[in-house]
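**Student:** Input: one structure, supplied below.
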Amino acid sequence: MNLQLQTLLGSKDPEPIEIIGADSTSDIVLLCEHAGNAIPEALGDLGLSREHIESHWGWDIGAQAVARRLADWLGAPLVIQNYSRLVLDCNRPPESDLAIPVISDQVAVPGNAAITAEARAMRVGEIFRPMDAALDRLFACNPRRAAFSVHSYTPRLNGADRPWHAGFLSRAKAGVAKDLMEHIKRRRPDLALAVNEPYQIEPDGDWFIPAHAERRNLAHCLIEIRNDQLGALAEIDLWADLLAEAIQVSVEGPVQ
């Protein structure tokens, strides 16, 4: 990165976020923090191969497509974050060492090595802050009862298989995660589902749930779908349908 730059994002770079349904009065807010894998032109390729950037380490494969369909079916506002989590992981506290990874999938990220405080502040200010501010505006402009974040994960990590088709992460509102899981289980008993797998919500490793949902005492869940089920449009539609109905039942009452 050219340290003489006054801004990180240039005219050829995508906007940091896209907001779907900004005027929606739905009582549900949706987020997809790892929706894209864009890298600012000023950062080149961070010293990584295109294969690495396009892998699950660069973004949550299929999550954006599910989130868009889910927002459409629920009529809910959705914030989409367009930049790769290799540049800045927007589901991490911005001051956390996890927010800008120096090692990814046992591979060094040269563009993140020895990053200066000024360069870090530029990434946080131009990529993280717009997402965070958009969420604040959505929660402030209409009464909201629930918040959900859509993610995906790789079937195998560090040599270990991850057998769950989906996980439902929560902490203060664990009942919501269980409700979602149980509703989907009733429709699809063939799926292996779990609460707080393959991850757990951690205050020093997560942002959206602690900083937005828990702080506002909202019903919430961070939804994780194994990405080998999100390769086709029919699979995207299936998961959006399963989640839309489960969310409606959990938050709004039985679907008529």
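Starting from 1 in every chain, residues are counted up; chains themselves are A, B, ... following the order of the structure tokens, and ligands are numbered from 1 as listed.
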Can you tell me, as a list in words, which residues in range 170-221 of chain A count as alpha helix (DSSP H) by DSSP?
**Tutor:**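 Taking range 170-221 of chain A and keeping alpha helix (DSSP H) only, one gets Ala174, Gly175, Val176, Ala177, Lys178, Asp179, Leu180, Met181, Glu182, His183, Ile184, Lys185, Arg186 and Arg187 of chain A.
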**Student:** Extract, using only C-alpha atoms, all DNA, RNA and protein residues at most 12 Å from Ser250 in chain A, discarding same-chain residues fewer than 2 positions from it, and format them as a ChimeraX atom specification.
**Tutor:** /A:28,145-148,173-184,219-221,243-248,252-255
**Student:** Considering only C-alpha atoms, can you say which of A:Gln106, A:Asp97, A:Glu54, A:Glu235 comes closest to Asn158 in chain A?
**Tutor:**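 The answer is A:Gln106, which sits nearest to Asn158 in chain A.
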**Student:** Restricting the calculation to only C-alpha atoms: of A:Asn217, A:Gln64, A:Ser49, A:Asn227, which residue gets closest to Ala35 in chain A?
**Tutor:**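 Distance minimum relative to Ala35 in chain A lands on A:Gln64.
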**Student:** Write out as a ChimeraX atom specification all residues of range 69-243 of chain A that backbone DSSP assigns to strand (DSSP E).
**Tutor:** /A:78-81,103-104,107-108,146-153,156-157,160-161,166-169,193-195,219-226
**Student:** For Ala194 in chain A, which of A:Asp206, A:Glu224, A:Glu41, A:Asp72 is the closest residue, counting only C-alpha atoms?
**Tutor:**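 Among A:Asp206, A:Glu224, A:Glu41, A:Asp72, it is A:Glu224 that comes nearest to Ala194 in chain A.
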**Student:** Nearest residue to Ala65 in chain A out of A:Val79, A:Val124, A:Ile19, A:Ala240, using only C-alpha atoms?
**Tutor:**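 Once distances to Ala65 in chain A are computed over only C-alpha atoms, the minimum belongs to A:Ala240.
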**Student:** Write out as number ranges by chain each polymer residue whose atoms come within 9 Å of Leu98 in chain A, counting only C-alpha atoms; drop sequence neighbours fewer than 2 positions from it.
**Tutor:** A: 88-89, 92-96, 100-102, 204-205
**Student:** Selected residues, all heavy atoms, written as an mmCIF file, in the first residue's frame, please.
**Tutor:**
data_model
loop_
_atom_site.group_PDB
_atom_site.id
_atom_site.type_symbol
_atom_site.label_atom_id
_atom_site.label_comp_id
_atom_site.auth_asym_id
_atom_site.auth_seq_id
_atom_site.Cartn_x
_atom_site.Cartn_y
_atom_site.Cartn_z
ATOM 1 N N LEU A 88 -10.151 -6.722 5.846
ATOM 2 C CA LEU A 88 -10.642 -6.376 7.175
ATOM 3 C C LEU A 88 -11.851 -7.246 7.466
ATOM 4 O O LEU A 88 -12.823 -7.229 6.712
ATOM 5 C CB LEU A 88 -11.043 -4.900 7.251
ATOM 6 C CG LEU A 88 -11.497 -4.427 8.629
ATOM 7 C CD1 LEU A 88 -10.318 -4.359 9.595
ATOM 8 C CD2 LEU A 88 -12.185 -3.076 8.544
ATOM 9 N N ASP A 89 -11.782 -8.012 8.538
ATOM 10 C CA ASP A 89 -12.908 -8.867 8.920
ATOM 11 C C ASP A 89 -13.892 -8.019 9.716
ATOM 12 O O ASP A 89 -13.645 -7.670 10.876
ATOM 13 C CB ASP A 89 -12.412 -10.049 9.754
ATOM 14 C CG ASP A 89 -13.506 -11.080 9.986
ATOM 15 O OD1 ASP A 89 -14.686 -10.689 10.048
ATOM 16 O OD2 ASP A 89 -13.185 -12.281 10.105
ATOM 17 N N ARG A 92 -15.303 -8.721 13.338
ATOM 18 C CA ARG A 92 -14.364 -8.688 14.468
ATOM 19 C C ARG A 92 -14.354 -7.278 15.056
ATOM 20 O O ARG A 92 -14.529 -6.297 14.309
ATOM 21 C CB ARG A 92 -12.939 -9.032 14.014
ATOM 22 C CG ARG A 92 -12.807 -10.319 13.230
ATOM 23 C CD ARG A 92 -13.097 -11.527 14.059
ATOM 24 N NE ARG A 92 -12.722 -12.765 13.365
ATOM 25 C CZ ARG A 92 -13.033 -13.979 13.784
ATOM 26 N NH1 ARG A 92 -13.734 -14.141 14.904
ATOM 27 N NH2 ARG A 92 -12.663 -15.047 13.114
ATOM 28 N N PRO A 93 -14.135 -7.151 16.346
ATOM 29 C CA PRO A 93 -13.915 -5.804 16.877
ATOM 30 C C PRO A 93 -12.760 -5.156 16.096
ATOM 31 O O PRO A 93 -11.722 -5.800 15.873
ATOM 32 C CB PRO A 93 -13.532 -6.066 18.336
ATOM 33 C CG PRO A 93 -14.171 -7.384 18.664
ATOM 34 C CD PRO A 93 -14.087 -8.187 17.396
ATOM 35 N N PRO A 94 -12.919 -3.938 15.644
ATOM 36 C CA PRO A 94 -11.918 -3.360 14.742
ATOM 37 C C PRO A 94 -10.524 -3.244 15.345
ATOM 38 O O PRO A 94 -9.533 -3.243 14.616
ATOM 39 C CB PRO A 94 -12.501 -1.982 14.403
ATOM 40 C CG PRO A 94 -13.505 -1.708 15.469
ATOM 41 C CD PRO A 94 -14.038 -3.033 15.880
ATOM 42 N N GLU A 95 -10.449 -3.179 16.681
ATOM 43 C CA GLU A 95 -9.139 -3.093 17.330
ATOM 44 C C GLU A 95 -8.495 -4.460 17.548
ATOM 45 O O GLU A 95 -7.329 -4.560 17.939
ATOM 46 C CB GLU A 95 -9.272 -2.368 18.675
ATOM 47 C CG GLU A 95 -10.005 -3.151 19.755
ATOM 48 C CD GLU A 95 -11.520 -3.099 19.648
ATOM 49 O OE1 GLU A 95 -12.029 -2.468 18.695
ATOM 50 O OE2 GLU A 95 -12.200 -3.684 20.514
ATOM 51 N N SER A 96 -9.253 -5.543 17.281
ATOM 52 C CA SER A 96 -8.750 -6.892 17.524
ATOM 53 C C SER A 96 -7.658 -7.274 16.529
ATOM 54 O O SER A 96 -7.699 -6.896 15.352
ATOM 55 C CB SER A 96 -9.913 -7.889 17.421
ATOM 56 O OG SER A 96 -9.446 -9.219 17.365
ATOM 57 N N ILE A 100 -7.477 -8.013 11.095
ATOM 58 C CA ILE A 100 -6.615 -7.969 9.906
ATOM 59 C C ILE A 100 -5.645 -9.144 10.004
ATOM 60 O O ILE A 100 -4.609 -9.048 10.662
ATOM 61 C CB ILE A 100 -5.866 -6.629 9.804
ATOM 62 C CG1 ILE A 100 -6.876 -5.477 9.700
ATOM 63 C CG2 ILE A 100 -4.929 -6.623 8.596
ATOM 64 C CD1 ILE A 100 -6.252 -4.096 9.620
ATOM 65 N N PRO A 101 -5.978 -10.274 9.375
ATOM 66 C CA PRO A 101 -5.189 -11.498 9.573
ATOM 67 C C PRO A 101 -3.809 -11.418 8.930
ATOM 68 O O PRO A 101 -3.658 -11.005 7.786
ATOM 69 C CB PRO A 101 -6.033 -12.583 8.914
ATOM 70 C CG PRO A 101 -6.846 -11.850 7.885
ATOM 71 C CD PRO A 101 -7.132 -10.497 8.480
ATOM 72 N N VAL A 102 -2.814 -11.824 9.696
ATOM 73 C CA VAL A 102 -1.451 -11.914 9.173
ATOM 74 C C VAL A 102 -1.195 -13.299 8.581
ATOM 75 O O VAL A 102 -0.395 -13.458 7.658
ATOM 76 C CB VAL A 102 -0.437 -11.611 10.305
ATOM 77 C CG1 VAL A 102 0.993 -11.773 9.810
ATOM 78 C CG2 VAL A 102 -0.654 -10.192 10.832
ATOM 79 N N ASP A 204 -14.400 -10.982 22.151
ATOM 80 C CA ASP A 204 -13.192 -10.456 21.526
ATOM 81 C C ASP A 204 -13.024 -10.951 20.092
ATOM 82 O O ASP A 204 -12.063 -10.581 19.420
ATOM 83 C CB ASP A 204 -11.956 -10.821 22.345
ATOM 84 C CG ASP A 204 -11.793 -12.329 22.516
ATOM 85 O OD1 ASP A 204 -12.752 -13.075 22.235
ATOM 86 O OD2 ASP A 204 -10.700 -12.764 22.941
ATOM 87 N N GLY A 205 -13.977 -11.781 19.615
ATOM 88 C CA GLY A 205 -13.854 -12.320 18.270
ATOM 89 C C GLY A 205 -15.055 -12.071 17.390
ATOM 90 O O GLY A 205 -15.054 -12.422 16.214
#
**Student:** Considering only C-alpha atoms, state which residue in the set A:Leu230, A:Leu48, A:Ala108, A:Leu9 is at the smallest distance from Pro155 in chain A.
**Tutor:** A:Leu230
**Student:** Measure the distance from CA of Pro189 in chain A to CA of Trp73 in chain A in Å and round it to one decimal.
**Tutor:**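 Going from CA of Pro189 in chain A over to CA of Trp73 in chain A, I get 23.0 Å.
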**Student:** Would you list the contacts of Ser149 in chain A as a PDB file with N, CA, C and O atoms, in the first residue's frame, taking every protein, DNA or RNA residue within 10 Å and counting only C-alpha atoms, but skipping same-chain residues closer than 5 positions in sequence?
**Tutor:**
ATOM      1  N   VAL A  29     -33.683  -7.028  11.070  1.00  0.00           N
ATOM      2  CA  VAL A  29     -32.541  -6.501  10.315  1.00  0.00           C
ATOM      3  C   VAL A  29     -31.599  -7.654   9.999  1.00  0.00           C
ATOM      4  O   VAL A  29     -31.316  -8.498  10.857  1.00  0.00           O
ATOM      5  N   LEU A  30     -31.122  -7.693   8.750  1.00  0.00           N
ATOM      6  CA  LEU A  30     -30.208  -8.736   8.294  1.00  0.00           C
ATOM      7  C   LEU A  30     -28.853  -8.130   7.938  1.00  0.00           C
ATOM      8  O   LEU A  30     -28.758  -6.984   7.501  1.00  0.00           O
ATOM      9  N   LEU A  31     -27.818  -8.947   8.088  1.00  0.00           N
ATOM     10  CA  LEU A  31     -26.452  -8.521   7.777  1.00  0.00           C
ATOM     11  C   LEU A  31     -25.686  -9.671   7.144  1.00  0.00           C
ATOM     12  O   LEU A  31     -25.884 -10.834   7.509  1.00  0.00           O
ATOM     13  N   CYS A  32     -24.820  -9.339   6.191  1.00  0.00           N
ATOM     14  CA  CYS A  32     -23.879 -10.323   5.643  1.00  0.00           C
ATOM     15  C   CYS A  32     -22.507  -9.655   5.613  1.00  0.00           C
ATOM     16  O   CYS A  32     -22.161  -8.929   4.672  1.00  0.00           O
ATOM     17  N   GLU A  33     -21.727  -9.888   6.675  1.00  0.00           N
ATOM     18  CA  GLU A  33     -20.436  -9.206   6.833  1.00  0.00           C
ATOM     19  C   GLU A  33     -19.377  -9.695   5.865  1.00  0.00           C
ATOM     20  O   GLU A  33     -18.449  -8.959   5.524  1.00  0.00           O
ATOM     21  N   HIS A  34     -19.450 -10.948   5.467  1.00  0.00           N
ATOM     22  CA  HIS A  34     -18.418 -11.552   4.615  1.00  0.00           C
ATOM     23  C   HIS A  34     -18.979 -11.838   3.227  1.00  0.00           C
ATOM     24  O   HIS A  34     -18.678 -12.858   2.618  1.00  0.00           O
ATOM     25  N   ALA A  63     -22.973 -17.025   0.923  1.00  0.00           N
ATOM     26  CA  ALA A  63     -23.735 -16.349   1.983  1.00  0.00           C
ATOM     27  C   ALA A  63     -24.504 -15.147   1.446  1.00  0.00           C
ATOM     28  O   ALA A  63     -25.657 -14.907   1.841  1.00  0.00           O
ATOM     29  N   ALA A  67     -28.518 -14.474   1.743  1.00  0.00           N
ATOM     30  CA  ALA A  67     -28.973 -13.284   2.458  1.00  0.00           C
ATOM     31  C   ALA A  67     -29.888 -12.429   1.578  1.00  0.00           C
ATOM     32  O   ALA A  67     -30.901 -11.890   2.058  1.00  0.00           O
ATOM     33  N   LEU A  78     -31.299  -5.328   4.581  1.00  0.00           N
ATOM     34  CA  LEU A  78     -30.081  -6.137   4.586  1.00  0.00           C
ATOM     35  C   LEU A  78     -28.885  -5.252   4.291  1.00  0.00           C
ATOM     36  O   LEU A  78     -28.891  -4.489   3.324  1.00  0.00           O
ATOM     37  N   VAL A  79     -27.849  -5.374   5.108  1.00  0.00           N
ATOM     38  CA  VAL A  79     -26.575  -4.688   4.862  1.00  0.00           C
ATOM     39  C   VAL A  79     -25.583  -5.710   4.335  1.00  0.00           C
ATOM     40  O   VAL A  79     -25.337  -6.743   4.980  1.00  0.00           O
ATOM     41  N   ASN A  91     -16.661  -8.721  11.025  1.00  0.00           N
ATOM     42  CA  ASN A  91     -17.333  -9.324  12.184  1.00  0.00           C
ATOM     43  C   ASN A  91     -16.369  -9.467  13.352  1.00  0.00           C
ATOM     44  O   ASN A  91     -16.616 -10.248  14.277  1.00  0.00           O
ATOM     45  N   LEU A 169     -25.714 -19.761  15.972  1.00  0.00           N
ATOM     46  CA  LEU A 169     -24.876 -19.245  17.051  1.00  0.00           C
ATOM     47  C   LEU A 169     -25.609 -18.157  17.833  1.00  0.00           C
ATOM     48  O   LEU A 169     -26.214 -17.253  17.247  1.00  0.00           O
ATOM     49  N   PHE A 208     -21.014  -8.117  15.466  1.00  0.00           N
ATOM     50  CA  PHE A 208     -22.433  -7.812  15.258  1.00  0.00           C
ATOM     51  C   PHE A 208     -23.316  -8.243  16.423  1.00  0.00           C
ATOM     52  O   PHE A 208     -24.124  -7.449  16.926  1.00  0.00           O
ATOM     53  N   ILE A 209     -23.170  -9.479  16.878  1.00  0.00           N
ATOM     54  CA  ILE A 209     -24.052  -9.957  17.951  1.00  0.00           C
ATOM     55  C   ILE A 209     -23.793  -9.202  19.258  1.00  0.00           C
ATOM     56  O   ILE A 209     -24.721  -8.638  19.844  1.00  0.00           O
ATOM     57  N   HIS A 220     -31.908 -12.732  18.284  1.00  0.00           N
ATOM     58  CA  HIS A 220     -30.832 -12.742  17.300  1.00  0.00           C
ATOM     59  C   HIS A 220     -30.252 -14.134  17.096  1.00  0.00           C
ATOM     60  O   HIS A 220     -30.437 -15.033  17.921  1.00  0.00           O
ATOM     61  N   CYS A 221     -29.507 -14.260  16.008  1.00  0.00           N
ATOM     62  CA  CYS A 221     -28.737 -15.482  15.744  1.00  0.00           C
ATOM     63  C   CYS A 221     -27.750 -15.189  14.624  1.00  0.00           C
ATOM     64  O   CYS A 221     -28.064 -14.455  13.683  1.00  0.00           O
ATOM     65  N   LEU A 222     -26.550 -15.727  14.751  1.00  0.00           N
ATOM     66  CA  LEU A 222     -25.586 -15.735  13.657  1.00  0.00           C
ATOM     67  C   LEU A 222     -25.714 -17.096  12.994  1.00  0.00           C
ATOM     68  O   LEU A 222     -25.474 -18.126  13.623  1.00  0.00           O
ATOM     69  N   ILE A 223     -26.139 -17.107  11.744  1.00  0.00           N
ATOM     70  CA  ILE A 223     -26.468 -18.339  11.022  1.00  0.00           C
ATOM     71  C   ILE A 223     -25.274 -18.756  10.174  1.00  0.00           C
ATOM     72  O   ILE A 223     -24.760 -17.970   9.376  1.00  0.00           O
ATOM     73  N   GLU A 224     -24.832 -19.987  10.352  1.00  0.00           N
ATOM     74  CA  GLU A 224     -23.707 -20.542   9.597  1.00  0.00           C
ATOM     75  C   GLU A 224     -24.192 -21.728   8.762  1.00  0.00           C
ATOM     76  O   GLU A 224     -24.746 -22.688   9.297  1.00  0.00           O
TER      77      GLU A 224
END
**Student:** Measuring atom to atom with only C-alpha atoms, identify which of A:Ala121, A:Asp241, A:Gly111, A:Ala166 is nearest to Gln6 in chain A.
**Tutor:**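 Nearest candidate to Gln6 in chain A out of A:Ala121, A:Asp241, A:Gly111, A:Ala166: A:Ala121.
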**Student:** Which residues are close to Arg144 in chain A, i.e. within 9 Å by only C-alpha atoms, leaving aside same-chain residues fewer than 6 positions away? Reply as a ChimeraX atom specification.
**Tutor:** /A:25-29,138,218
**Student:** Report the distance between CA of Pro163 in chain A and CA of Trp239 in chain A in Å, rounded to one decimal place.
**Tutor:**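 Calculated distance between CA of Pro163 in chain A and CA of Trp239 in chain A is 17.1 Å.
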